[in-house]
Each structure stands twice: as structure tokens, then as C-alpha cells.
Amino acid sequence: MKIMLAYYNDLTVFLSTVFRALDFEIDYLGKPTKKTIELAIKYSPETWCFDTKLMLGHAIEGVKQGDDILTMPGAWGGKNENCLLGYLCRGVMEKKIEKAVGKKIKLWHFNVNPVEMIFSGYFSAYKNLFQLKKYSKIKFFRLKLLRAMDIGIKKMKMAARLKEKILDSADVIEKEKLFIIHDFFIKQMIYQADSAEEAKKVFRKAFGDISRLKKKKIKKKIRIGIVGDYDHTLFGTFPFFDIERFLLEQDIFVRQPLSFVNYYSVLSPIYCQKNRREVQKIFPKNVTGSDAVTVLCANYLRGKVDGLIHVGTFSCTPEEVANEVLMSHKKMFPAILSLSYDAHTNEENLKVRIEAFIDMIGAKK
Amino acid sequence: MKCYLGVDVGSVSVKVALLDFKCRVLRTFYERSSGMPLETLKKIFDRIPSSYEIFGAGVTGSGRNFIGKVIGADVIKNEITAHASALSKFYPSAKTVIELGGQDSKIIIFRKGVPVDFAMNTVCAAGTGSFLDQQASRLCVPIEKFGSLALKSKKALNVGGRCTVFAESDMIQKQQAGHEIHDIINGLCNNLVKNYLSNVAKGKDLEKPFVLLGGVAANVGIVRAFEKNLGAKMIIPRHYNVMGAIGMALLSRETKKTKFRGLDFRKYNLKKEAFQCRDCVNACDIIKIDVCGEVSHIGSKCGKYA
């Protein structure tokens, strides 16, 4: 049984571990290519946000490569009432793909969020993955699945830690080496490290390699926080423009609040009461959707960064709501730069904005 | 004479400024590039007297990376920073700076001489220089007379200014309906300004004094429309169309030893080659530049051709 898997951030490491353990053949498409974007634009309505279009593009690519099962991460959309994907996940997307490719398909939505899964979403992931039983011929399926999930989650934590290490490496001289190490690490995690011990070795090597890179003293230590649609940043699901890489090249330290170490302070209902109370003053809504998450992240970063970059795809409703909240209370936050983009956005234009934003923060400092 | 050089390579023009050590503007040049920025810059450099000795060079504008590498610029910066630098020096009291360029429009908010906020146009090029150029040529009106014609109008004709395509079709419709050209031009200027204020300046704290920069500042119709919509006088600096270049000359003052290759392009021995990298799915379009044997690349995403 051949299963299509694209780059779904740290979730890729987890899912590849589970699928390989259950004897599925993985067709890993990687990050979106020009072909994915072309297919996405060709087959999806103009009104869809770029994330959703890219998911459709990946699915069609998978069908053309003869995959038996298509996959789609739909966790965020499924939970958020403002999100178009939440609606499309309920059977509409399948119909769109079937119409585009002219045959029946099997589409499987992952209603698991990698960040939540590391901490609290283990059982929802299990429930979700248990559906695979009907496609797998493996005996003792439940046992194998649980064992694979355990290893997968451990590997996912390592992947998250390595990303944090990279984002905190603005003082490294040869920055291109950071990304070479990361690429090699991900490939080894997907294709080779099947046990937790093997994964640990791979992680330690990558972590050590980064620690050994030559460093320099940085004069102005500018820290920029990225909030919003992480899917479109370098380490995200649909890397469209390498914001983190671009910032690191300019010796900027990057903070992503929804990272491994910050999860409890930003999102956990038990530990982030203060953050939630503060946000509810400016955003009187149940703090559940991704719009609220963006505001929670921005609020968490107050006083911790010199500037915030709010990333959102063109026509993404939750991010538009979040942007409106942030802009209406911009005096509360450090300087905010809003970036909204899709397939037609000029990358040079984005670079000008980010450069100018950094210069402006430097001048203020 | 010892001086600093600033170059602004925009989408429709090339601007050059020379500043002395006391930050006084010695010479400025503004030339339309007609899609050939390098050749235009060559022409400008030929006009600069050889007695000027360049101690630092900076390049800004949409063509900054290519031209910067060719001439050996010491500083390569974006247009917003370049304009902000010039404004902080020459107009420190300015609070709102509106810049209308060839293909983009910007707003920079200053407080106490420091830029605190900015924005650029995103989805629409209406109101920028190239759109006005295009409309002037379609109406057979020289662009220099575009603004003065608008001033003749006493009617506030409503011309769609939200999108270049819709604006043009609306103008054609107005012409077919028999409206006077100057009324149509006035309506266009007015609605382009409204479009700018609702898109680019959206949510910004607009405070007096207002400064208008960029080639479009020469259009008196646009200036009047801004004054009418903002209810305040617009300050048009003397060097309104070369402020980016002046800003870069100012930024290049920090150079200790310049890398500038000189004003004589013949000595550059420039070779350029365009190719597509096939090593990964990004398929980056790379430009290889060889100046006096020094090779550099533009357009690489992964850093392979850094």
C-alpha cells in the first residue's frame, strides 16, 4: 500500500516512523515545488487560501504518482470555525480532487497537531491513526502502532529541539551549514532512524555539528518573533519564502513562540492562565482558533523581542482576524510587520519590507 | 573634490546623488531608464566630472543588488531605509512621508526624526508613476502636463482608482460618455489618492507635517488631491525625486575603504550570464556577474550561489 506524504513540518518525522513500522510504502513528496503550485492554482478556486490550494496540489501530485492513500494535515482547520479548511475537510476536498483527477481517491486527514501531540494530543493521534488498520495486513496492529507512535513522538521532539537550536544561531558565521545539517538530519530521521536509539544518535550528531560551527560577536542583538501562519516559513509545512533563513543571514535571532520549550507558557490551559487573561481583554472570544493562538503568541512575546512579524496567507480568515486584533492594539506590542502572501507575491517585495523593518528596529534601538 | 555617491535604481528611472563630506548635495541626476538601468547609469557616470573623488558608494532601489555588485557598492539597502535616512537628515521635523515611485508606493511614519512605522503597496500598482505614465500616453497627454490639466477641472468626477485595470476601463467609459479630459484626469488623481490612503496608509497615524517624495510629486494634480484629502499642505522637498539616492550617499559615509570600481564603466570589463539552477525543485533563475574577474551571483535561494 503506497501512501503519499508531503513535508508536514515535524509531523513528517512522526508519520514516516509510524507508516514504515506498519509496512506502508512511503511516497514522500517533500516541500511544495513549482509543479505543486501550478497544480494548486489550476485546480482550486481563486477564493481558497494558499494553504488549502497547496494541499490540493500535493494530493493531485500524489494521484499522478499512483499513490493508494493521500494525506492532508487538517488539524488547525478542523478545530477552527473561521477556517475554510475546517469545512473542506468534511468530504468537500475529496470531491474536488476526484473531479480534478477523474477517479475515486482515498484521502486521509490528519486531525493531529504536532505541537499539541507532543504534549497532550497523543490519544487523539492514536484514534486517528487506528483507522489505518483496514489498510494494514500487520498482526498485532495495536501494539505495533503504539510502539511506533512512541518512537515517532520522541523523534518529533528531537526535530523540534534542533529547529530551536538553528533559530538561535544568528551568531554562527557559516549559516548555510545550519540548513545543510538540518536537511541531512530530516532525511535520516525519515529514512534511516527507525528506533529511538538510532534517532538519538542522529540528533546528537546534528546538534553537536551545529554547536561546533564558528561563531562571532554580534553588535546589535536584534530579536524578531514570528507569529501567525508558520506553515509558510522555512520550517513550516509549505515553505514559500524562507523568512527564518533571511533573518538569520542578517544576524537576527528568531523566536517562534509555538516552539517546543514555550508550549506550556503560550498555549497550555493550565500554565498560561496569565497569557489567556491578558488576551481575553483585547480579544473577547473563546481562545481556541488559530486567530486566538496568534494573538496568544504575540502577547507571550511582549518584552521578549524587539519586533514581531505576523505571517498570514492571502485570504486566510483566521489570520486576517488576528491581524486586525494586533493592529487595533499595536501600542501594546513591539513593532509589528504584517506579511500576507500567496503564489503571486513578489519575493523581492517581501525582502524589502523585512529589511526595512529590521533597519527601523535598529534605528529605534 | 572628495564626495560620497548614492544611486537609486528604480523601475522607471535611475537617480544619482553626490554629497560632500559636510553632507551638502553637490550634484543630482535623474534619468528615465526605459528598462536599461545599467546603460542609463553609464550615461550618468559619463556626465560626472572626473574631479569628483568617490570615498563611498551606496545603491538602493529595485535594481540595487545587480547594480550594487557591478559598481562595487559599499552599502546596498532597501528604498525605505534610504528615504528614511535622507529625511532624518534633511527634514527631521517630518512626521508622515509619502513616497510614490515608479511601481510602488510607500508611507514612512517618523516621530522625533526616527522612522517608527512604514507600509508599502501590496496588491495594487494604481497611483504609481508607471500607471500614470501609461494613462498619459493613452490619452496622448505629455506626462509633464498631466497635473496642470487636472488643475483646470472644477468637477469631482468619480473614476475607479482601486485597480489599474478597472481605473483604465472606467476612464475609457467616461471618455465615451463625453466627459472632458481634464475632468477625467482630475477624477483619476483624486481617486488614486483615496486608494493610496485606504490601502497603503491604512491604520497609520497620519500627522502633520506631510512630505511628498518620488517622481509623482511633480504631478500637481496628485499634490492637490493629497492636500484636499488630508486637509494639510504637502511639503515637496527640492530634491523630491532623488531622495533615495541622497539617503544612500548618506549611508555610505560610514565606509572606511571604498570598494567602488570608479566612474569609468569601460574599466569594469563586465560579463553577465543568466542560467537556471537545476539542482533542486526551486529551479532558481541565477544571474552570474563577472566584473574584472570578480564573480558573484544573484537569485539563489539556498545559498549555493551566494
# chains A, B, ... in the order shown; residues from 1 in each chain; ligands from 1

$ closest_atom_pairs --of "chain A" --to "chain B" --cutoff "6 Å" --atoms "only C-alpha atoms" --output "CSV"
residue,atom,partner,partner_atom,distance
A:Thr33,CA,B:Val281,CA,5.5
A:Val352,CA,B:Asn78,CA,5.6
A:Ala356,CA,B:Thr81,CA,5.6

$ write_last_selection --atoms "C-alpha atoms" --output "PDB file, in the first residue's frame"
ATOM      1  CA  THR A  33       7.598  22.548  -5.812  1.00  0.00           C
ATOM      2  CA  VAL A 352      12.327  44.978   1.147  1.00  0.00           C
ATOM      3  CA  ALA A 356      13.274  47.969   6.264  1.00  0.00           C
TER       4      ALA A 356
END

$ select_by_dssp --residues "stretch 50-230 of chain B" --states "alpha helix (DSSP H)" --output "short mmCIF file (atom, residue, chain, number, x, y, z; two decimals) with N, CA and C atoms, in the first residue's frame"
data_model
loop_
_atom_site.label_atom_id
_atom_site.label_comp_id
_atom_site.auth_asym_id
_atom_site.auth_seq_id
_atom_site.Cartn_x
_atom_site.Cartn_y
_atom_site.Cartn_z
N ARG B 64 18.89 47.23 -6.99
CA ARG B 64 20.07 47.50 -6.15
C ARG B 64 21.08 46.37 -6.09
N ASN B 65 20.59 45.12 -6.09
CA ASN B 65 21.54 44.01 -5.93
C ASN B 65 22.45 43.87 -7.15
N PHE B 66 21.85 43.92 -8.33
CA PHE B 66 22.63 43.78 -9.56
C PHE B 66 23.60 44.96 -9.73
N ILE B 67 23.05 46.17 -9.72
CA ILE B 67 23.89 47.36 -9.94
C ILE B 67 24.92 47.49 -8.82
N GLY B 68 24.49 47.18 -7.60
CA GLY B 68 25.41 47.27 -6.46
C GLY B 68 26.63 46.39 -6.64
N LYS B 69 26.39 45.17 -7.15
CA LYS B 69 27.52 44.26 -7.36
C LYS B 69 28.39 44.73 -8.52
N VAL B 70 27.75 45.27 -9.55
CA VAL B 70 28.51 45.72 -10.72
C VAL B 70 29.44 46.88 -10.36
N ILE B 71 28.92 47.89 -9.68
CA ILE B 71 29.76 49.07 -9.42
C ILE B 71 30.62 48.92 -8.15
N GLU B 79 14.76 50.68 -0.31
CA GLU B 79 14.34 52.06 -0.58
C GLU B 79 13.80 52.76 0.67
N ILE B 80 13.14 52.01 1.53
CA ILE B 80 12.52 52.63 2.71
C ILE B 80 13.62 53.17 3.63
N THR B 81 14.63 52.36 3.86
CA THR B 81 15.73 52.79 4.73
C THR B 81 16.46 53.98 4.10
N ALA B 82 16.65 53.93 2.77
CA ALA B 82 17.36 55.01 2.09
C ALA B 82 16.59 56.33 2.24
N HIS B 83 15.28 56.29 1.99
CA HIS B 83 14.47 57.51 2.12
C HIS B 83 14.44 58.00 3.57
N ALA B 84 14.32 57.04 4.48
CA ALA B 84 14.27 57.41 5.90
C ALA B 84 15.56 58.10 6.33
N SER B 85 16.67 57.61 5.80
CA SER B 85 17.97 58.19 6.15
C SER B 85 18.05 59.65 5.68
N ALA B 86 17.62 59.88 4.43
CA ALA B 86 17.67 61.25 3.89
C ALA B 86 16.72 62.18 4.64
N LEU B 87 15.53 61.68 4.92
CA LEU B 87 14.53 62.51 5.61
C LEU B 87 14.99 62.86 7.02
N SER B 88 15.56 61.88 7.72
CA SER B 88 16.02 62.14 9.09
C SER B 88 17.05 63.26 9.11
N LYS B 89 17.85 63.32 8.04
CA LYS B 89 18.92 64.32 8.00
C LYS B 89 18.39 65.69 7.56
N PHE B 90 17.61 65.69 6.47
CA PHE B 90 17.23 66.98 5.88
C PHE B 90 15.86 67.51 6.34
N GLY B 129 3.93 55.78 -10.53
CA GLY B 129 4.39 56.53 -11.70
C GLY B 129 4.13 55.84 -13.01
N SER B 130 4.40 54.53 -13.07
CA SER B 130 4.26 53.84 -14.36
C SER B 130 2.80 53.79 -14.81
N PHE B 131 1.87 53.71 -13.87
CA PHE B 131 0.46 53.68 -14.24
C PHE B 131 0.03 55.05 -14.79
N LEU B 132 0.50 56.11 -14.13
CA LEU B 132 0.17 57.45 -14.62
C LEU B 132 0.80 57.69 -16.00
N ASP B 133 2.03 57.20 -16.18
CA ASP B 133 2.71 57.28 -17.48
C ASP B 133 1.87 56.64 -18.57
N GLN B 134 1.40 55.45 -18.25
CA GLN B 134 0.61 54.65 -19.19
C GLN B 134 -0.68 55.39 -19.57
N GLN B 135 -1.33 55.97 -18.57
CA GLN B 135 -2.58 56.68 -18.83
C GLN B 135 -2.33 57.97 -19.63
N ALA B 136 -1.22 58.65 -19.32
CA ALA B 136 -0.89 59.87 -20.05
C ALA B 136 -0.67 59.55 -21.52
N SER B 137 0.06 58.46 -21.76
CA SER B 137 0.35 58.09 -23.14
C SER B 137 -0.93 57.66 -23.87
N ARG B 138 -1.83 56.97 -23.16
CA ARG B 138 -3.09 56.55 -23.79
C ARG B 138 -3.97 57.74 -24.14
N ILE B 143 3.24 63.55 -19.96
CA ILE B 143 3.13 63.33 -18.51
C ILE B 143 3.41 64.62 -17.72
N GLU B 144 4.25 65.49 -18.27
CA GLU B 144 4.58 66.74 -17.59
C GLU B 144 3.35 67.64 -17.46
N LYS B 145 2.39 67.50 -18.42
CA LYS B 145 1.20 68.37 -18.39
C LYS B 145 0.02 67.71 -17.68
N PHE B 146 0.19 66.49 -17.27
CA PHE B 146 -0.90 65.70 -16.68
C PHE B 146 -1.50 66.42 -15.46
N GLY B 147 -0.61 66.88 -14.59
CA GLY B 147 -1.05 67.53 -13.36
C GLY B 147 -1.72 68.86 -13.60
N SER B 148 -1.11 69.68 -14.48
CA SER B 148 -1.68 71.01 -14.72
C SER B 148 -3.05 70.92 -15.38
N LEU B 149 -3.25 69.86 -16.19
CA LEU B 149 -4.58 69.66 -16.79
C LEU B 149 -5.62 69.37 -15.71
N ALA B 150 -5.20 68.57 -14.73
CA ALA B 150 -6.12 68.23 -13.63
C ALA B 150 -6.55 69.49 -12.88
N LEU B 151 -5.66 70.45 -12.76
CA LEU B 151 -5.98 71.68 -12.03
C LEU B 151 -7.06 72.50 -12.72
N LYS B 152 -7.20 72.33 -14.04
CA LYS B 152 -8.22 73.07 -14.79
C LYS B 152 -9.64 72.63 -14.44
N THR B 164 -5.69 49.16 -11.35
CA THR B 164 -5.26 49.80 -12.59
C THR B 164 -6.17 49.42 -13.77
N VAL B 165 -6.55 48.15 -13.79
CA VAL B 165 -7.38 47.68 -14.91
C VAL B 165 -8.76 48.34 -14.87
N PHE B 166 -9.36 48.36 -13.66
CA PHE B 166 -10.69 48.96 -13.54
C PHE B 166 -10.62 50.46 -13.77
N ALA B 167 -9.55 51.09 -13.31
CA ALA B 167 -9.41 52.54 -13.49
C ALA B 167 -9.37 52.87 -14.98
N GLU B 168 -8.59 52.06 -15.71
CA GLU B 168 -8.47 52.33 -17.15
C GLU B 168 -9.81 52.14 -17.86
N SER B 169 -10.50 51.05 -17.54
CA SER B 169 -11.78 50.81 -18.23
C SER B 169 -12.80 51.88 -17.85
N ASP B 170 -12.72 52.35 -16.60
CA ASP B 170 -13.63 53.41 -16.16
C ASP B 170 -13.33 54.72 -16.90
N MET B 171 -12.04 55.00 -17.11
CA MET B 171 -11.66 56.21 -17.83
C MET B 171 -12.14 56.16 -19.28
N ILE B 172 -12.00 54.98 -19.90
CA ILE B 172 -12.45 54.83 -21.29
C ILE B 172 -13.95 55.08 -21.37
N GLN B 173 -14.66 54.51 -20.38
CA GLN B 173 -16.13 54.68 -20.35
C GLN B 173 -16.49 56.17 -20.21
N LYS B 174 -15.74 56.87 -19.37
CA LYS B 174 -16.01 58.30 -19.14
C LYS B 174 -15.74 59.09 -20.42
N GLN B 175 -14.67 58.71 -21.14
CA GLN B 175 -14.35 59.39 -22.40
C GLN B 175 -15.47 59.17 -23.41
N GLN B 176 -15.93 57.91 -23.47
CA GLN B 176 -17.01 57.58 -24.42
C GLN B 176 -18.30 58.32 -24.07
N ILE B 181 -11.41 65.76 -20.88
CA ILE B 181 -10.17 65.08 -20.48
C ILE B 181 -9.69 65.56 -19.11
N HIS B 182 -9.71 66.91 -18.89
CA HIS B 182 -9.17 67.41 -17.62
C HIS B 182 -10.02 66.97 -16.43
N ASP B 183 -11.32 66.78 -16.66
CA ASP B 183 -12.17 66.28 -15.56
C ASP B 183 -11.84 64.82 -15.25
N ILE B 184 -11.58 64.06 -16.32
CA ILE B 184 -11.24 62.63 -16.13
C ILE B 184 -9.91 62.53 -15.38
N ILE B 185 -8.93 63.34 -15.80
CA ILE B 185 -7.60 63.29 -15.16
C ILE B 185 -7.72 63.70 -13.69
N ASN B 186 -8.50 64.72 -13.45
CA ASN B 186 -8.70 65.17 -12.06
C ASN B 186 -9.35 64.07 -11.22
N GLY B 187 -10.35 63.43 -11.80
CA GLY B 187 -11.04 62.33 -11.10
C GLY B 187 -10.08 61.19 -10.80
N LEU B 188 -9.21 60.93 -11.78
CA LEU B 188 -8.24 59.85 -11.60
C LEU B 188 -7.28 60.19 -10.45
N CYS B 189 -6.73 61.42 -10.49
CA CYS B 189 -5.79 61.84 -9.43
C CYS B 189 -6.45 61.72 -8.05
N ASN B 190 -7.67 62.18 -7.97
CA ASN B 190 -8.40 62.18 -6.71
C ASN B 190 -8.62 60.76 -6.18
N ASN B 191 -9.03 59.88 -7.07
CA ASN B 191 -9.34 58.52 -6.62
C ASN B 191 -8.08 57.69 -6.37
N LEU B 192 -6.99 58.00 -7.08
CA LEU B 192 -5.75 57.29 -6.80
C LEU B 192 -5.24 57.64 -5.40
N VAL B 193 -5.42 58.90 -5.04
CA VAL B 193 -5.01 59.32 -3.69
C VAL B 193 -5.88 58.64 -2.64
N LYS B 194 -7.17 58.54 -2.92
CA LYS B 194 -8.07 57.86 -1.97
C LYS B 194 -7.67 56.39 -1.84
N ASN B 195 -7.31 55.79 -2.97
CA ASN B 195 -6.87 54.40 -2.96
C ASN B 195 -5.61 54.25 -2.11
N TYR B 196 -4.68 55.18 -2.29
CA TYR B 196 -3.43 55.15 -1.51
C TYR B 196 -3.73 55.25 -0.01
N LEU B 197 -4.60 56.20 0.32
CA LEU B 197 -4.89 56.42 1.75
C LEU B 197 -5.62 55.24 2.39
N SER B 198 -6.45 54.55 1.58
CA SER B 198 -7.18 53.44 2.19
C SER B 198 -6.41 52.12 2.13
N ASN B 199 -5.40 52.02 1.26
CA ASN B 199 -4.63 50.78 1.20
C ASN B 199 -3.27 50.89 1.87
N VAL B 220 1.15 68.05 -10.14
CA VAL B 220 0.42 68.97 -9.26
C VAL B 220 -1.01 68.51 -8.98
N GLY B 221 -1.54 67.71 -9.90
CA GLY B 221 -2.89 67.18 -9.70
C GLY B 221 -2.91 66.23 -8.51
N ILE B 222 -1.91 65.40 -8.42
CA ILE B 222 -1.81 64.45 -7.30
C ILE B 222 -1.56 65.23 -6.00
N VAL B 223 -0.69 66.24 -6.06
CA VAL B 223 -0.38 67.03 -4.86
C VAL B 223 -1.67 67.68 -4.33
N ARG B 224 -2.45 68.26 -5.25
CA ARG B 224 -3.69 68.91 -4.82
C ARG B 224 -4.66 67.91 -4.20
N ALA B 225 -4.71 66.74 -4.84
CA ALA B 225 -5.62 65.70 -4.32
C ALA B 225 -5.21 65.27 -2.91
N PHE B 226 -3.91 65.15 -2.67
CA PHE B 226 -3.44 64.79 -1.32
C PHE B 226 -3.81 65.88 -0.33
N GLU B 227 -3.59 67.14 -0.73
CA GLU B 227 -3.88 68.26 0.18
C GLU B 227 -5.36 68.31 0.53
N LYS B 228 -6.18 68.01 -0.50
CA LYS B 228 -7.62 68.04 -0.29
C LYS B 228 -8.06 66.90 0.65
N ASN B 229 -7.51 65.72 0.43
CA ASN B 229 -7.92 64.57 1.23
C ASN B 229 -7.35 64.57 2.64
N LEU B 230 -6.16 65.13 2.80
CA LEU B 230 -5.54 65.14 4.13
C LEU B 230 -5.82 66.43 4.88
#

$ select_by_dssp --residues "stretch 31-209 of chain B" --states "strand (DSSP E)" --output "VMD selection string"
chain B and resid 31 to 32 53 to 60 75 to 76 96 to 100 105 to 111 114 to 120

$ write_last_selection --atoms "C-alpha atoms" --output "compact mmCIF listing (two decimals), in the first residue's frame"
# COMPACT_ATOMS: atom_id res chain seq x y z
CA GLU B 31 17.23 59.81 -15.95
CA ARG B 32 14.44 57.60 -17.25
CA GLU B 53 36.74 61.52 -5.95
CA ILE B 54 34.34 58.91 -4.55
CA PHE B 55 35.00 57.82 -0.96
CA GLY B 56 31.91 55.68 -0.51
CA ALA B 57 29.05 54.41 -2.71
CA GLY B 58 25.60 53.13 -1.83
CA VAL B 59 22.85 51.66 -4.01
CA THR B 60 19.11 51.33 -3.40
CA VAL B 75 26.24 49.72 1.08
CA ILE B 76 23.19 48.10 -0.55
CA THR B 96 4.45 61.49 7.63
CA VAL B 97 6.37 60.78 4.44
CA ILE B 98 4.54 59.68 1.32
CA GLU B 99 6.68 58.28 -1.47
CA LEU B 100 5.20 57.49 -4.86
CA SER B 105 4.19 53.47 -3.18
CA LYS B 106 5.26 53.75 0.42
CA ILE B 107 4.48 55.55 3.61
CA ILE B 108 7.01 56.14 6.39
CA ILE B 109 5.93 57.45 9.77
CA PHE B 110 8.53 59.46 11.66
CA ARG B 111 8.47 60.54 15.28
CA VAL B 114 13.23 58.39 13.76
CA PRO B 115 11.19 56.09 11.47
CA VAL B 116 8.70 54.20 13.66
CA ASP B 117 6.34 52.64 11.12
CA PHE B 118 6.07 52.09 7.40
CA ALA B 119 4.00 50.35 4.72
CA MET B 120 4.22 49.54 1.03

$ atom_distance --atom1 "atom CA of A:Asp23" --atom2 "atom CA of A:Met158"
23.4 Å

$ atom_distance --atom1 "atom CA of A:Ile224" --atom2 "atom CA of A:Phe184"
26.5 Å

$ closest_residue --among "A:Val172, A:Ile69, A:Leu54, A:Leu146" --to "A:Thr313" --atoms "only C-alpha atoms"
A:Leu54

$ closest_residue --among "B:Cys3, B:Cys292, B:Val200, B:Ile48" --to "B:Val25" --atoms "only C-alpha atoms"
B:Cys3

$ residues_around --residues "A:Val325" --least-positions-apart "3" --cutoff "10 Å" --atoms "only C-alpha atoms" --output "list of chain:residue names"
A:Val279, A:Ile282, A:Phe283, A:Asp291, A:Ala292, A:Thr294, A:Val295, A:Glu319, A:Glu320, A:Val321, A:Ala322, A:Ser328, A:His329, A:Lys330

$ write_last_selection --atoms "N, CA, C and O atoms" --output "compact mmCIF listing (two decimals), in the first residue's frame"
# COMPACT_ATOMS: atom_id res chain seq x y z
N VAL A 279 -5.00 38.22 26.96
CA VAL A 279 -5.51 38.21 25.58
C VAL A 279 -7.02 38.40 25.55
O VAL A 279 -7.55 39.09 24.68
N ILE A 282 -8.36 41.91 25.08
CA ILE A 282 -8.38 42.55 23.77
C ILE A 282 -9.06 41.70 22.71
O ILE A 282 -9.37 42.15 21.63
N PHE A 283 -9.30 40.44 23.01
CA PHE A 283 -9.89 39.53 22.03
C PHE A 283 -10.95 38.69 22.74
O PHE A 283 -10.72 37.54 23.09
N ASP A 291 -6.69 32.10 15.12
CA ASP A 291 -6.62 33.56 15.27
C ASP A 291 -6.24 33.91 16.72
O ASP A 291 -5.36 34.72 16.98
N ALA A 292 -6.89 33.21 17.65
CA ALA A 292 -6.59 33.45 19.06
C ALA A 292 -5.19 32.98 19.41
O ALA A 292 -4.49 33.61 20.20
N THR A 294 -2.60 33.01 17.48
CA THR A 294 -1.67 34.04 17.00
C THR A 294 -1.57 35.19 18.01
O THR A 294 -0.48 35.66 18.32
N VAL A 295 -2.72 35.62 18.53
CA VAL A 295 -2.71 36.73 19.50
C VAL A 295 -2.04 36.28 20.80
O VAL A 295 -1.28 37.03 21.41
N GLU A 319 -6.18 34.41 10.17
CA GLU A 319 -5.03 35.32 10.27
C GLU A 319 -5.43 36.77 10.01
O GLU A 319 -4.82 37.68 10.54
N GLU A 320 -6.44 36.96 9.19
CA GLU A 320 -6.93 38.32 8.96
C GLU A 320 -7.57 38.88 10.24
O GLU A 320 -7.41 40.04 10.58
N VAL A 321 -8.28 38.01 10.94
CA VAL A 321 -8.89 38.41 12.22
C VAL A 321 -7.78 38.75 13.21
O VAL A 321 -7.79 39.79 13.87
N ALA A 322 -6.79 37.85 13.29
CA ALA A 322 -5.67 38.07 14.22
C ALA A 322 -4.95 39.37 13.91
O ALA A 322 -4.60 40.14 14.81
N SER A 328 -5.16 46.73 15.91
CA SER A 328 -6.01 47.61 16.72
C SER A 328 -5.39 47.90 18.09
O SER A 328 -5.75 48.85 18.75
N HIS A 329 -4.48 47.02 18.53
CA HIS A 329 -3.84 47.20 19.84
C HIS A 329 -2.34 47.26 19.68
O HIS A 329 -1.60 46.72 20.50
N LYS A 330 -1.89 47.89 18.59
CA LYS A 330 -0.45 47.80 18.29
C LYS A 330 0.43 48.51 19.32
O LYS A 330 1.61 48.20 19.41

$ decode --residues "stretch 195-203 of chain B" --atoms "all heavy atoms" --output "JSON list (two decimals), in the first residue's frame"
[["chain", "number", "residue", "atom", "x", "y", "z"],
["B", 195, "ASN", "N", -7.31, 55.79, -2.97],
["B", 195, "ASN", "CA", -6.87, 54.40, -2.96],
["B", 195, "ASN", "C", -5.61, 54.25, -2.11],
["B", 195, "ASN", "O", -5.49, 53.33, -1.30],
["B", 195, "ASN", "CB", -6.59, 53.96, -4.41],
["B", 195, "ASN", "CG", -6.02, 52.56, -4.49],
["B", 195, "ASN", "OD1", -6.43, 51.68, -3.76],
["B", 195, "ASN", "ND2", -5.09, 52.35, -5.40],
["B", 196, "TYR", "N", -4.68, 55.18, -2.29],
["B", 196, "TYR", "CA", -3.43, 55.15, -1.51],
["B", 196, "TYR", "C", -3.73, 55.25, -0.01],
["B", 196, "TYR", "O", -3.21, 54.48, 0.79],
["B", 196, "TYR", "CB", -2.52, 56.30, -1.96],
["B", 196, "TYR", "CG", -1.28, 56.46, -1.12],
["B", 196, "TYR", "CD1", -0.10, 55.81, -1.46],
["B", 196, "TYR", "CD2", -1.28, 57.25, 0.02],
["B", 196, "TYR", "CE1", 1.03, 55.94, -0.68],
["B", 196, "TYR", "CE2", -0.17, 57.39, 0.82],
["B", 196, "TYR", "CZ", 1.00, 56.72, 0.46],
["B", 196, "TYR", "OH", 2.11, 56.85, 1.25],
["B", 197, "LEU", "N", -4.60, 56.20, 0.32],
["B", 197, "LEU", "CA", -4.89, 56.42, 1.75],
["B", 197, "LEU", "C", -5.62, 55.24, 2.39],
["B", 197, "LEU", "O", -5.42, 54.93, 3.55],
["B", 197, "LEU", "CB", -5.69, 57.71, 1.94],
["B", 197, "LEU", "CG", -4.94, 59.01, 1.59],
["B", 197, "LEU", "CD1", -5.86, 60.21, 1.66],
["B", 197, "LEU", "CD2", -3.73, 59.22, 2.50],
["B", 198, "SER", "N", -6.45, 54.55, 1.58],
["B", 198, "SER", "CA", -7.18, 53.44, 2.19],
["B", 198, "SER", "C", -6.41, 52.12, 2.13],
["B", 198, "SER", "O", -6.71, 51.19, 2.86],
["B", 198, "SER", "CB", -8.55, 53.28, 1.54],
["B", 198, "SER", "OG", -8.37, 53.00, 0.18],
["B", 199, "ASN", "N", -5.40, 52.02, 1.26],
["B", 199, "ASN", "CA", -4.63, 50.78, 1.20],
["B", 199, "ASN", "C", -3.27, 50.89, 1.87],
["B", 199, "ASN", "O", -2.99, 50.18, 2.82],
["B", 199, "ASN", "CB", -4.42, 50.36, -0.26],
["B", 199, "ASN", "CG", -5.65, 49.71, -0.83],
["B", 199, "ASN", "OD1", -6.29, 48.92, -0.18],
["B", 199, "ASN", "ND2", -5.98, 50.06, -2.05],
["B", 200, "VAL", "N", -2.44, 51.78, 1.36],
["B", 200, "VAL", "CA", -1.07, 51.89, 1.88],
["B", 200, "VAL", "C", -1.06, 52.54, 3.26],
["B", 200, "VAL", "O", -0.38, 52.07, 4.18],
["B", 200, "VAL", "CB", -0.17, 52.68, 0.89],
["B", 200, "VAL", "CG1", 1.28, 52.68, 1.37],
["B", 200, "VAL", "CG2", -0.25, 52.08, -0.50],
["B", 201, "ALA", "N", -1.84, 53.62, 3.40],
["B", 201, "ALA", "CA", -1.80, 54.35, 4.67],
["B", 201, "ALA", "C", -2.82, 53.84, 5.68],
["B", 201, "ALA", "O", -2.99, 54.43, 6.75],
["B", 201, "ALA", "CB", -2.05, 55.83, 4.39],
["B", 202, "LYS", "N", -3.44, 52.71, 5.37],
["B", 202, "LYS", "CA", -4.50, 52.16, 6.23],
["B", 202, "LYS", "C", -3.98, 51.90, 7.66],
["B", 202, "LYS", "O", -2.96, 51.24, 7.85],
["B", 202, "LYS", "CB", -4.99, 50.84, 5.62],
["B", 202, "LYS", "CG", -6.11, 50.18, 6.37],
["B", 202, "LYS", "CD", -6.52, 48.89, 5.70],
["B", 202, "LYS", "CE", -5.51, 47.81, 5.91],
["B", 202, "LYS", "NZ", -5.88, 46.52, 5.35],
["B", 203, "GLY", "N", -4.67, 52.45, 8.63],
["B", 203, "GLY", "CA", -4.33, 52.19, 10.03],
["B", 203, "GLY", "C", -3.11, 52.94, 10.55],
["B", 203, "GLY", "O", -2.68, 52.72, 11.67]]
